[in-house]
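> After the structure tokens below, expect a handful of questions from me.
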Amino acid sequence: MGYIFGTNHSRCNNKHLTPTIAIVILNYNGRRYLEKFLPFVTANTCPGGEVIIADNASTDDSLAFLQSNYPGLRVIVLDRNYGFAGGYNMALRQVQSDYYVLLNSDIEVTPGWIEPIVKLMESDATIGACQPKIRVYASRELFEYAGAAGGWLDHLGYPFARGRIFDVCEQDEGQYDQTVPVFWASGAAFFIRSKVWHQMGGAGEFLFCAPGRDRFVLADAAGGL
């Protein structure tokens, strides 16, 4: 589970935010997470943003919960469990938007979490994808172990995050507040231009299920990331 802080106090009232943004949450038997975290997402989505649930053929009462509590929410029901990458690939073929935000179902978001990233990407057409800082849900002063503040790759090919090395999570003291290029970004909260997603052919479907290791490698060949 993670926690994403907004970096401004606009509370989603930016009238100049014109791009369309699809916040897509992949669900598989995650009713408990939807009940706990979805209210934060729906309460902190800006004009131009749409929250979509992509359901990987859940066998719990996720769909009944959504129908009862979020009847106006768009739900894409897949015919079987395609896993993490395959589920997003199948779902996003059915979503038209300028930006996709791939958001884990166990992430709590706060006001202002969307606007700074979209504003940055709108200001620079060479940026294809971004991620926010992600902090630990239970210890909110610490960076989250998987996503943290973007990632690097050492000379042995080991991927590590800014804000966390192995089992040591740093305290967020603003040391990673700067916007910088990264080698990989966490799939827990992943912003990407839709055209870049489709140009790359979506996510590699070898990634079926990898809790805490859902990463996307950002390559220059993917349209200037």
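Chain lettering (A, B, ...) mirrors the order of the structure tokens, residue numbering begins at 1 for each chain separately, and ligand numbering begins at 1 in order of display.
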I need the residues of region 3-188 of chain A that end up classed as strand (DSSP E) by DSSP on the backbone, written out as a count of residues only.

45

> Which residues come within 12 Å of region 162-179 of chain A, counting only C-alpha atoms, excluding same-chain residues fewer than 2 positions away, as a count of residues only?

40

> Contacts of region 26-39 of chain A at 9 Å or less, counting only C-alpha atoms, minus same-chain residues fewer than 3 places along, as JSON, numbers by chain?

{"A": [42, 43, 44, 52, 53, 54, 55, 56, 57, 58, 59, 60, 61, 62, 63, 65, 66, 81, 83, 84, 87, 88, 91, 102, 103, 104, 105, 106, 107, 108, 109]}

> What's the 7 Å shell around Gly48 (chain A), counting only C-alpha atoms, without same-chain residues fewer than 2 positions away, as number ranges by chain?

A: 18-21, 46, 50

> Using only N, CA, C and O atoms, please write the residues we just selected to a file, as a compact mmCIF listing (two decimals), in the first residue's frame.


```
# COMPACT_ATOMS: atom_id res chain seq x y z
N THR A 18 -6.94 21.33 -19.41
CA THR A 18 -7.85 20.90 -20.46
C THR A 18 -7.64 19.48 -20.97
O THR A 18 -8.56 18.92 -21.55
N PRO A 19 -6.46 18.86 -20.82
CA PRO A 19 -6.31 17.51 -21.36
C PRO A 19 -7.24 16.53 -20.66
O PRO A 19 -7.62 16.71 -19.50
N THR A 20 -7.60 15.48 -21.37
CA THR A 20 -8.39 14.42 -20.75
C THR A 20 -7.46 13.42 -20.09
O THR A 20 -6.39 13.09 -20.62
N ILE A 21 -7.87 12.94 -18.93
CA ILE A 21 -7.03 12.08 -18.10
C ILE A 21 -7.87 10.90 -17.64
O ILE A 21 -8.91 11.09 -17.00
N CYS A 46 -9.56 15.71 -11.04
CA CYS A 46 -9.81 17.03 -11.61
C CYS A 46 -10.78 17.00 -12.77
O CYS A 46 -11.02 15.95 -13.37
N GLU A 50 -11.30 11.12 -15.56
CA GLU A 50 -12.31 10.08 -15.40
C GLU A 50 -11.69 8.89 -14.69
O GLU A 50 -10.62 8.42 -15.07
```
